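Q: What follows is start_4.cif; its format and atoms are mmCIF, C-alpha atoms.
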data_query
#
loop_
_atom_site.label_atom_id
_atom_site.label_comp_id
_atom_site.auth_asym_id
_atom_site.auth_seq_id
_atom_site.Cartn_x
_atom_site.Cartn_y
_atom_site.Cartn_z
CA ARG Q 135 -25.23 9.20 -11.27
CA LEU Q 136 -27.49 10.39 -8.47
CA ARG Q 137 -26.19 9.78 -4.98
CA PRO Q 138 -28.59 7.53 -3.06
CA SER Q 139 -30.33 8.82 0.04
CA ALA Q 140 -29.15 7.60 3.44
CA LYS Q 141 -32.19 5.32 3.66
CA SER Q 142 -31.66 3.76 0.23
CA ALA Q 143 -27.90 3.51 0.86
CA ASP Q 144 -28.50 1.58 4.07
CA ALA Q 145 -30.94 -0.72 2.26
CA MET Q 146 -28.39 -1.35 -0.49
CA ALA Q 147 -25.67 -2.24 2.00
CA HIS Q 148 -28.04 -4.65 3.76
CA ALA Q 149 -28.95 -6.24 0.41
CA LEU Q 150 -25.27 -6.76 -0.46
CA LEU Q 151 -24.62 -8.35 2.93
CA ALA Q 152 -27.66 -10.61 2.64
CA ALA Q 153 -26.59 -11.76 -0.83
CA LEU Q 154 -23.03 -12.43 0.31
CA ARG Q 155 -24.17 -14.35 3.39
CA ARG Q 156 -26.53 -16.48 1.28
CA ARG Q 157 -23.90 -17.34 -1.35
CA LEU Q 158 -21.24 -18.12 1.24
CA ARG Q 159 -23.66 -20.53 2.86
CA ASP Q 160 -23.83 -22.45 -0.44
CA ILE Q 161 -20.08 -23.14 -0.42
CA ALA Q 162 -19.39 -26.66 0.82
CA PRO Q 163 -17.26 -27.14 3.95
CA PRO Q 164 -13.54 -27.56 3.12
CA PRO Q 165 -12.08 -31.07 2.95
CA PRO Q 166 -9.47 -32.18 5.51
CA SER Q 167 -6.00 -30.77 4.79
CA ASN Q 168 -4.41 -34.25 5.07
CA GLY Q 169 -1.67 -32.97 7.33
CA ALA Q 170 -0.62 -30.04 5.12
CA PRO Q 171 0.10 -26.77 6.96
CA ALA Q 172 -3.04 -24.70 7.40
CA ALA Q 173 -3.58 -20.96 7.73
CA ALA Q 174 -6.50 -18.53 7.68
CA VAL Q 175 -7.08 -14.90 6.78
CA LEU Q 176 -9.90 -12.62 7.88
CA VAL Q 177 -11.71 -10.57 5.24
CA PRO Q 178 -12.94 -7.68 7.45
CA LEU Q 179 -15.88 -6.05 5.69
CA PHE Q 180 -17.80 -3.00 6.87
CA ARG Q 181 -20.30 -0.47 5.55
CA SER Q 182 -18.30 2.36 4.00
CA ALA Q 183 -20.92 4.93 5.04
CA THR Q 184 -19.61 4.51 8.62
CA PRO Q 185 -15.83 3.96 8.35
CA PRO Q 186 -13.38 3.48 11.23
CA ALA Q 187 -12.15 6.43 13.28
CA PRO Q 188 -9.68 8.41 11.11
CA PRO Q 189 -5.95 8.53 11.84
CA THR Q 190 -5.02 11.21 14.37
CA SER Q 191 -2.64 13.03 12.00
CA THR Q 192 -5.36 13.42 9.35
CA SER Q 193 -8.46 14.04 11.46
CA ASN Q 194 -8.77 17.56 10.05
CA GLN Q 195 -7.57 16.75 6.53
CA PRO Q 196 -10.14 16.56 3.70
CA PRO Q 197 -10.02 13.38 1.61
CA ALA Q 198 -8.13 13.58 -1.67
CA PRO Q 199 -9.76 12.22 -4.85
CA ASN Q 200 -8.45 8.78 -5.83
CA ASN Q 201 -9.48 5.65 -7.65
CA ALA Q 202 -9.91 3.64 -4.41
CA SER Q 203 -12.56 5.98 -3.05
CA SER Q 204 -14.62 6.55 -6.17
CA SER Q 205 -17.46 4.25 -5.15
CA SER Q 206 -20.43 5.79 -3.44
CA SER Q 207 -20.75 5.51 0.34
CA ASP Q 208 -23.52 2.90 0.17
CA GLN Q 209 -21.12 0.02 -0.50
CA LEU Q 210 -19.17 -2.57 1.42
CA ALA Q 211 -15.50 -1.88 2.11
CA VAL Q 212 -12.61 -4.04 3.28
CA LEU Q 213 -9.70 -3.44 5.65
CA LEU Q 214 -6.26 -4.46 4.38
CA THR Q 215 -2.74 -4.39 5.77
CA ARG Q 216 0.68 -3.74 4.34
CA ARG Q 217 3.09 -6.13 5.96
CA SER Q 218 6.23 -4.86 7.62
CA ALA Q 219 9.20 -4.64 5.25
CA LYS Q 220 11.27 -6.37 7.96
CA LEU Q 221 9.39 -9.67 7.62
CA ARG Q 222 11.22 -12.49 5.85
CA ARG Q 223 8.17 -13.62 3.85
CA HIS Q 224 6.08 -11.22 1.80
CA GLY Q 225 7.61 -8.17 3.49
CA GLY Q 226 6.06 -4.92 2.32
CA GLU Q 227 3.19 -6.64 0.53
CA VAL Q 228 -0.53 -5.91 0.88
CA ALA Q 229 -2.36 -8.68 2.69
CA LEU Q 230 -5.43 -9.63 4.67
CA PRO Q 231 -4.78 -10.16 8.39
CA GLY Q 232 -4.04 -13.81 9.01
CA GLY Q 233 -1.52 -16.56 9.70
CA ARG Q 234 -0.95 -20.21 10.59
CA LEU Q 235 -3.43 -22.11 12.74
CA ASP Q 236 -2.25 -22.89 16.26
CA PRO Q 237 -2.83 -26.44 17.55
CA GLY Q 238 -6.53 -27.02 18.20
CA GLU Q 239 -7.62 -23.83 16.40
CA THR Q 240 -10.25 -23.59 13.69
CA ALA Q 241 -9.82 -21.30 10.69
CA ARG Q 242 -12.26 -18.85 12.25
CA ASP Q 243 -10.39 -18.84 15.56
CA ALA Q 244 -7.08 -18.17 13.83
CA ALA Q 245 -8.46 -15.45 11.55
CA LEU Q 246 -9.98 -13.55 14.47
CA ARG Q 247 -6.86 -13.98 16.63
CA GLU Q 248 -4.54 -12.74 13.87
CA ALA Q 249 -6.75 -9.73 13.09
CA HIS Q 250 -6.63 -8.79 16.76
CA GLU Q 251 -2.86 -9.23 16.94
CA GLU Q 252 -2.09 -7.39 13.68
CA CYS Q 253 -4.74 -4.64 13.68
CA GLY Q 254 -6.13 -4.44 17.20
CA LEU Q 255 -9.55 -5.58 15.95
CA PRO Q 256 -11.52 -7.09 18.87
CA PRO Q 257 -13.09 -10.45 17.92
CA SER Q 258 -16.30 -9.33 19.64
CA LYS Q 259 -16.79 -6.72 16.90
CA VAL Q 260 -16.78 -9.32 14.09
CA THR Q 261 -19.80 -11.30 12.90
CA ILE Q 262 -18.67 -14.26 10.76
CA LEU Q 263 -20.56 -14.47 7.45
CA GLY Q 264 -18.90 -17.62 6.10
CA GLU Q 265 -15.78 -19.05 4.50
CA LEU Q 266 -14.40 -19.54 1.00
CA ASP Q 267 -12.79 -22.76 -0.17
CA PRO Q 268 -9.18 -23.12 1.04
CA MET Q 269 -6.49 -21.95 -1.39
CA LEU Q 270 -2.95 -23.26 -1.68
CA SER Q 271 -0.14 -20.71 -1.50
CA LYS Q 272 3.18 -21.12 -3.30
CA HIS Q 273 4.59 -22.32 0.03
CA LYS Q 274 2.02 -25.14 -0.08
CA VAL Q 275 0.02 -23.84 2.88
CA TRP Q 276 -3.76 -24.21 2.75
CA VAL Q 277 -5.25 -20.76 3.40
CA THR Q 278 -8.94 -20.47 4.35
CA PRO Q 279 -10.50 -17.02 3.79
CA VAL Q 280 -12.94 -16.24 6.61
CA VAL Q 281 -15.41 -13.47 5.75
CA GLY Q 282 -16.57 -11.25 8.60
CA LEU Q 283 -18.64 -8.11 9.08
CA VAL Q 284 -17.14 -5.59 11.50
CA GLU Q 285 -19.98 -4.19 13.59
CA ASP Q 286 -19.89 -0.65 15.02
CA ILE Q 287 -16.61 0.01 13.20
CA SER Q 288 -16.91 3.79 13.62
CA SER Q 289 -15.78 3.36 17.24
CA PHE Q 290 -12.75 1.27 16.19
CA LYS Q 291 -9.38 2.84 15.36
CA PRO Q 292 -7.11 0.38 13.53
CA THR Q 293 -3.79 -0.01 15.34
CA PRO Q 294 -0.95 -1.61 13.33
CA ASN Q 295 1.28 -4.03 15.23
CA PRO Q 296 4.76 -2.64 14.33
CA GLY Q 297 6.31 -6.09 14.48
CA GLU Q 298 4.07 -7.37 11.69
CA VAL Q 299 2.24 -4.51 9.98
CA ASP Q 300 3.50 -1.27 8.46
CA SER Q 301 0.06 0.25 7.82
CA ILE Q 302 -3.67 -0.48 7.58
CA PHE Q 303 -5.99 0.97 4.94
CA TRP Q 304 -9.37 0.37 3.35
CA VAL Q 305 -10.86 0.28 -0.14
CA PRO Q 306 -14.42 -0.25 -1.44
CA LEU Q 307 -15.04 -3.93 -2.17
CA GLU Q 308 -16.66 -2.98 -5.48
CA SER Q 309 -13.31 -1.61 -6.72
CA MET Q 310 -12.15 -5.23 -7.02
CA LEU Q 311 -14.50 -5.61 -9.99
CA SER Q 312 -13.25 -2.51 -11.79
CA SER Q 313 -10.71 -2.47 -14.61
CA LYS Q 314 -9.38 0.87 -13.32
CA GLY Q 315 -5.83 0.36 -12.10
CA HIS Q 316 -6.05 -3.37 -12.96
CA SER Q 317 -3.44 -5.46 -14.74
CA HIS Q 318 -2.63 -9.16 -14.76
CA THR Q 319 0.17 -11.68 -15.31
CA ASP Q 320 -0.37 -15.30 -16.38
CA ILE Q 321 2.07 -17.78 -14.84
CA GLU Q 322 2.60 -21.54 -14.78
CA LEU Q 323 2.47 -23.00 -11.28
CA PHE Q 324 1.63 -26.50 -10.03
CA ASN Q 325 1.10 -27.54 -13.70
CA THR Q 326 -1.68 -24.96 -14.03
CA THR Q 327 -1.89 -21.63 -15.81
CA LEU Q 328 -2.83 -19.05 -13.20
CA ARG Q 329 -3.78 -15.42 -13.59
CA ILE Q 330 -2.28 -13.06 -11.02
CA HIS Q 331 -4.39 -9.91 -10.68
CA ASN Q 332 -2.82 -6.59 -9.71
CA PHE Q 333 -4.76 -3.54 -8.54
CA ASP Q 334 -2.75 -0.33 -8.29
CA VAL Q 335 -4.86 1.88 -6.03
CA GLU Q 336 -4.30 5.34 -4.63
CA VAL Q 337 -5.67 5.80 -1.11
CA ASP Q 338 -6.02 9.16 0.62
CA ALA Q 339 -4.36 9.63 3.99
CA THR Q 340 -7.67 9.74 5.88
CA ARG Q 341 -7.99 6.01 5.12
CA ILE Q 342 -4.49 4.95 6.14
CA TRP Q 343 -3.37 4.09 9.68
CA ARG Q 344 0.40 3.90 10.07
CA CYS Q 345 2.53 2.63 12.95
CA SER Q 346 3.28 6.22 13.92
CA ASP Q 347 1.14 9.29 13.28
CA ASP Q 348 3.17 11.58 11.06
CA SER Q 349 1.85 15.02 10.24
CA LYS Q 350 4.26 15.13 7.28
CA SER Q 351 2.77 12.01 5.65
CA PRO Q 352 1.68 12.48 2.03
CA SER Q 353 -1.95 13.27 1.31
CA SER Q 354 -2.27 9.95 -0.53
CA GLU Q 355 -0.33 6.75 -1.07
CA ASN Q 356 -0.32 3.98 -3.69
CA PHE Q 357 -0.79 0.33 -2.79
CA VAL Q 358 -0.67 -2.77 -5.00
CA ILE Q 359 -3.26 -5.42 -4.12
CA TRP Q 360 -2.28 -8.65 -5.86
CA GLY Q 361 -1.80 -12.42 -5.73
CA LEU Q 362 -3.82 -14.48 -3.29
CA THR Q 363 -5.23 -11.36 -1.64
CA SER Q 364 -6.66 -9.99 -4.89
CA ALA Q 365 -8.01 -13.42 -5.88
CA ILE Q 366 -9.91 -13.64 -2.59
CA LEU Q 367 -11.30 -10.11 -2.84
CA VAL Q 368 -12.42 -10.46 -6.47
CA ARG Q 369 -14.32 -13.64 -5.63
CA ILE Q 370 -16.01 -12.05 -2.61
CA ALA Q 371 -16.92 -8.95 -4.63
CA MET Q 372 -18.45 -11.21 -7.30
CA LEU Q 373 -20.48 -13.04 -4.69
CA ALA Q 374 -21.68 -9.88 -2.95
CA HIS Q 375 -22.58 -7.95 -6.11
CA ASP Q 376 -23.71 -10.96 -8.17
CA ALA Q 377 -21.65 -9.55 -11.01
CA ALA Q 378 -18.67 -10.43 -13.17
CA PRO Q 379 -15.59 -8.21 -13.10
CA GLU Q 380 -14.84 -5.81 -15.94
CA PHE Q 381 -11.83 -8.01 -16.78
CA GLU Q 382 -11.46 -11.74 -17.47
CA PHE Q 383 -10.78 -13.45 -14.17
CA GLY Q 384 -8.86 -16.45 -15.50
CA PRO Q 385 -7.31 -17.69 -18.75
CA SER Q 386 -10.50 -19.67 -19.51
CA ALA Q 387 -13.17 -18.12 -17.32
CA ASP Q 388 -16.67 -19.59 -17.33
CA LEU Q 389 -19.01 -17.53 -15.14
CA THR Q 390 -21.91 -19.34 -13.53
CA ASP Q 391 -25.26 -17.93 -12.48
CA ASP Q 392 -24.21 -17.29 -8.91
CA GLY Q 393 -21.39 -14.99 -10.02
CA ARG Q 394 -18.59 -17.45 -9.26
CA ASP Q 395 -15.85 -18.24 -11.75
CA GLU Q 396 -15.97 -21.97 -12.57
CA HIS Q 397 -12.35 -21.97 -13.74
CA THR Q 398 -11.33 -20.36 -10.45
CA ARG Q 399 -13.48 -22.72 -8.41
CA ARG Q 400 -11.66 -25.68 -9.96
CA ASN Q 401 -8.15 -24.21 -9.98
CA VAL Q 402 -8.06 -21.68 -7.16
CA PRO Q 403 -6.42 -24.17 -4.72
CA ALA Q 404 -3.24 -23.53 -6.73
CA VAL Q 405 -3.38 -19.72 -6.55
CA SER Q 406 0.00 -18.31 -5.51
CA LEU Q 407 0.66 -15.40 -3.20
CA GLY Q 408 4.24 -14.66 -4.17
CA THR Q 409 5.15 -15.26 -7.83
CA PRO Q 410 6.20 -13.14 -9.60
CA SER Q 411 7.24 -10.04 -7.64
CA PRO Q 412 4.44 -7.48 -7.35
CA PRO Q 413 4.63 -4.49 -9.67
CA SER Q 414 5.83 -1.18 -8.26
CA PRO Q 415 2.96 1.17 -7.42
CA SER Q 416 2.48 4.19 -9.63
CA PRO Q 417 3.75 7.45 -8.10
CA PRO Q 418 1.02 9.69 -6.64
CA SER Q 419 -0.38 12.25 -9.04
CA PRO Q 420 1.27 15.67 -8.67
CA PRO Q 421 -0.85 18.34 -6.99
CA SER Q 422 -2.82 20.58 -9.29
CA SER Q 423 -1.31 23.99 -9.94
CA SER Q 424 -4.73 25.61 -9.83
#
Take the structure from the file and write it as structure tokens.

A:
Amino acid sequence: RLRPSAKSADAMAHALLAALRRRLRDIAPPPPSNGAPAAAVLVPLFRSATPPAPPTSTSNQPPAPNNASSSSSDQLAVLLTRRSAKLRRHGGEVALPGGRLDPGETARDAALREAHEECGLPPSKVTILGELDPMLSKHKVWVTPVVGLVEDISSFKPTPNPGEVDSIFWVPLESMLSSKGHSHTDIELFNTTLRIHNFDVEVDATRIWRCSDDSKSPSSENFVIWGLTSAILVRIAMLAHDAAPEFEFGPSADLTDDGRDEHTRRNVPAVSLGTPSPPSPSPPSPPSSS
């Protein structure tokens, strides 16, 4: 397809943001957690036409082709982390920055604080667009996804906190609606059949920030986005693009006019982050001999 002009690309990104903001506003405030542990994650969106400052070790390296960068530059993108393998819970897994609420904190406060601690993202750079309904992890913690737009992200260089994060990377939000690299597993949890979505994505090194800059790092790396993280991102992509995914979201999906999955809306509080184990990422494609 024809690549949009810079002017039309900017207009498209603004339209996506306006649609997402409007649909998030329609989501009712979450009910009280009734004393259950509460946590929050930040969904850091930005315009992919102006990405963050590239990693130092790859500043002169051209991007490699991969399925996570196939969308045109007029779209929204999202920053993700891969948790440190040393962590006791969910070590080595892809996640959105987030954690438990401290006493007196709101979900928004906690999401911004955790993103700053894990990625070095200043709260002043984030404009909150809204929140999704809380979701219940397998550890029975209510997790509220807080959606934010990172302003002036081109001047921001993600900095992984080595105690919590192994690396930070980004993918186009629209890729969460694509069947490319997608698979799923249906499980029984909390007396409900849940669909765990897995996205095996290859990301070029110019979009990966590691704890230490390594000139010998591979030109690309595979990540598996799955569980609660993928459920959140698919829903946000549906809301922003007003479109259904190329795959069936749940075992008995019923899409409504606003692009939300009615089955998910009713059952998503039981979505699990950690069952079963995530699939192993596919090995990077070998370099061409030509």

Q: Decode the PyMOL selection byres ((chain Q and resi 182) around 6) for the given file into explicit residues and return them as a list of chain:residue names.

A: Q:Arg181, Q:Ala183, Q:Thr184, Q:Pro185, Q:Ser207, Q:Gln209, Q:Leu210, Q:Ala211

Q: Just checking: using only C-alpha atoms, which residue out of Q:Arg234, Q:Val175, Q:Phe333, Q:Ile359 ends up closest to Val275 in chain Q?

A: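 Counting only C-alpha atoms, the residue closest to Val275 in chain Q is Q:Arg234.
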
Q: When distances are computed from all atoms listed in the file, which of Q:Glu355, Q:Glu298, Q:Asp320, Q:Glu336 shows the smallest separation from Glu382 in chain Q?

A: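 Checking each of Q:Glu355, Q:Glu298, Q:Asp320, Q:Glu336 against Glu382 in chain Q, counting all atoms listed in the file, the winner is Q:Asp320.
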
Q: Between Q:Leu263, Q:Ala219, Q:Ala152, Q:Ile302, which residue has the minimum interatomic distance to Ile342 in chain Q, considering all atoms listed in the file?

A: Q:Ile302

Q: Would you work out the distance separating CA of Arg341 in chain Q from CA of Leu235 in chain Q, expressed in Å to one decimal?

A: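 Going from CA of Arg341 in chain Q over to CA of Leu235 in chain Q covers 29.5 Å.
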
Q: Hey, what comes out of the PyMOL selection byres ((chain Q and resi 286) around 12) on this file? Could you write it as a ChimeraX atom specification?

A: /Q:179-187,255-256,258-261,283-285,287-291

Q: Check the smallest atom-to-atom distance from each of Q:Leu176, Q:Val305, Q:Pro279, Q:Ser317 to Arg247 in chain Q using only C-alpha atoms, then report the winner.

A: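 Using only C-alpha atoms, the shortest distance to Arg247 in chain Q belongs to Q:Leu176.
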
Q: To test your reading of the syntax: which residues would the PyMOL selection byres ((chain Q and resi 334) around 8) return for the file shown? Reply as a list in words.

A: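 On the file shown, the PyMOL selection byres ((chain Q and resi 334) around 8) covers Gly315, His316, Asn332, Phe333, Val335, Glu336, Asn356, Phe357, Val358, Ile359, Pro415 and Ser416 of chain Q.
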
Q: Hey, can you check how far CA of Ala374 in chain Q sits from CA of Glu239 in chain Q?

A: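 Computed distance, CA of Ala374 in chain Q to CA of Glu239 in chain Q, equals 27.7 Å.
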
Q: Regenerate range 371-386 of chain Q at the level of N, CA, C and O atoms and dump it as a compact mmCIF listing (two decimals), keeping the file's coordinate frame.

A:
# COMPACT_ATOMS: atom_id res chain seq x y z
N ALA Q 371 -16.19 -10.03 -3.96
CA ALA Q 371 -16.92 -8.95 -4.63
C ALA Q 371 -17.92 -9.52 -5.63
O ALA Q 371 -19.05 -9.02 -5.75
N MET Q 372 -17.53 -10.57 -6.36
CA MET Q 372 -18.45 -11.21 -7.30
C MET Q 372 -19.66 -11.80 -6.59
O MET Q 372 -20.79 -11.70 -7.04
N LEU Q 373 -19.39 -12.43 -5.45
CA LEU Q 373 -20.48 -13.04 -4.69
C LEU Q 373 -21.41 -11.99 -4.12
O LEU Q 373 -22.63 -12.14 -4.14
N ALA Q 374 -20.85 -10.91 -3.58
CA ALA Q 374 -21.68 -9.88 -2.95
C ALA Q 374 -22.51 -9.12 -3.98
O ALA Q 374 -23.69 -8.84 -3.75
N HIS Q 375 -21.90 -8.78 -5.11
CA HIS Q 375 -22.58 -7.95 -6.11
C HIS Q 375 -23.28 -8.76 -7.19
O HIS Q 375 -23.96 -8.18 -8.04
N ASP Q 376 -23.10 -10.10 -7.15
CA ASP Q 376 -23.71 -10.96 -8.17
C ASP Q 376 -23.37 -10.43 -9.56
O ASP Q 376 -24.23 -10.26 -10.42
N ALA Q 377 -22.09 -10.16 -9.76
CA ALA Q 377 -21.65 -9.55 -11.01
C ALA Q 377 -20.27 -10.06 -11.38
O ALA Q 377 -19.47 -10.43 -10.52
N ALA Q 378 -20.00 -10.08 -12.68
CA ALA Q 378 -18.67 -10.43 -13.17
C ALA Q 378 -17.79 -9.19 -13.15
O ALA Q 378 -18.28 -8.07 -13.25
N PRO Q 379 -16.49 -9.37 -13.03
CA PRO Q 379 -15.59 -8.21 -13.10
C PRO Q 379 -15.53 -7.65 -14.52
O PRO Q 379 -15.96 -8.29 -15.48
N GLU Q 380 -14.98 -6.45 -14.64
CA GLU Q 380 -14.84 -5.81 -15.94
C GLU Q 380 -13.67 -6.39 -16.73
O GLU Q 380 -13.42 -5.99 -17.86
N PHE Q 381 -12.97 -7.35 -16.14
CA PHE Q 381 -11.83 -8.01 -16.78
C PHE Q 381 -12.06 -9.51 -16.71
O PHE Q 381 -12.90 -9.99 -15.93
N GLU Q 382 -11.34 -10.28 -17.50
CA GLU Q 382 -11.46 -11.74 -17.47
C GLU Q 382 -10.70 -12.27 -16.26
O GLU Q 382 -9.51 -12.02 -16.11
N PHE Q 383 -11.39 -13.01 -15.43
CA PHE Q 383 -10.78 -13.45 -14.17
C PHE Q 383 -9.64 -14.42 -14.41
O PHE Q 383 -8.57 -14.33 -13.83
N GLY Q 384 -9.88 -15.44 -15.26
CA GLY Q 384 -8.86 -16.45 -15.50
C GLY Q 384 -8.63 -16.66 -16.98
O GLY Q 384 -9.36 -16.12 -17.81
N PRO Q 385 -7.61 -17.45 -17.34
CA PRO Q 385 -7.31 -17.69 -18.75
C PRO Q 385 -8.47 -18.31 -19.52
O PRO Q 385 -8.60 -18.12 -20.71
N SER Q 386 -9.35 -19.06 -18.83
CA SER Q 386 -10.50 -19.67 -19.51
C SER Q 386 -11.72 -19.59 -18.61
O SER Q 386 -12.30 -20.58 -18.22
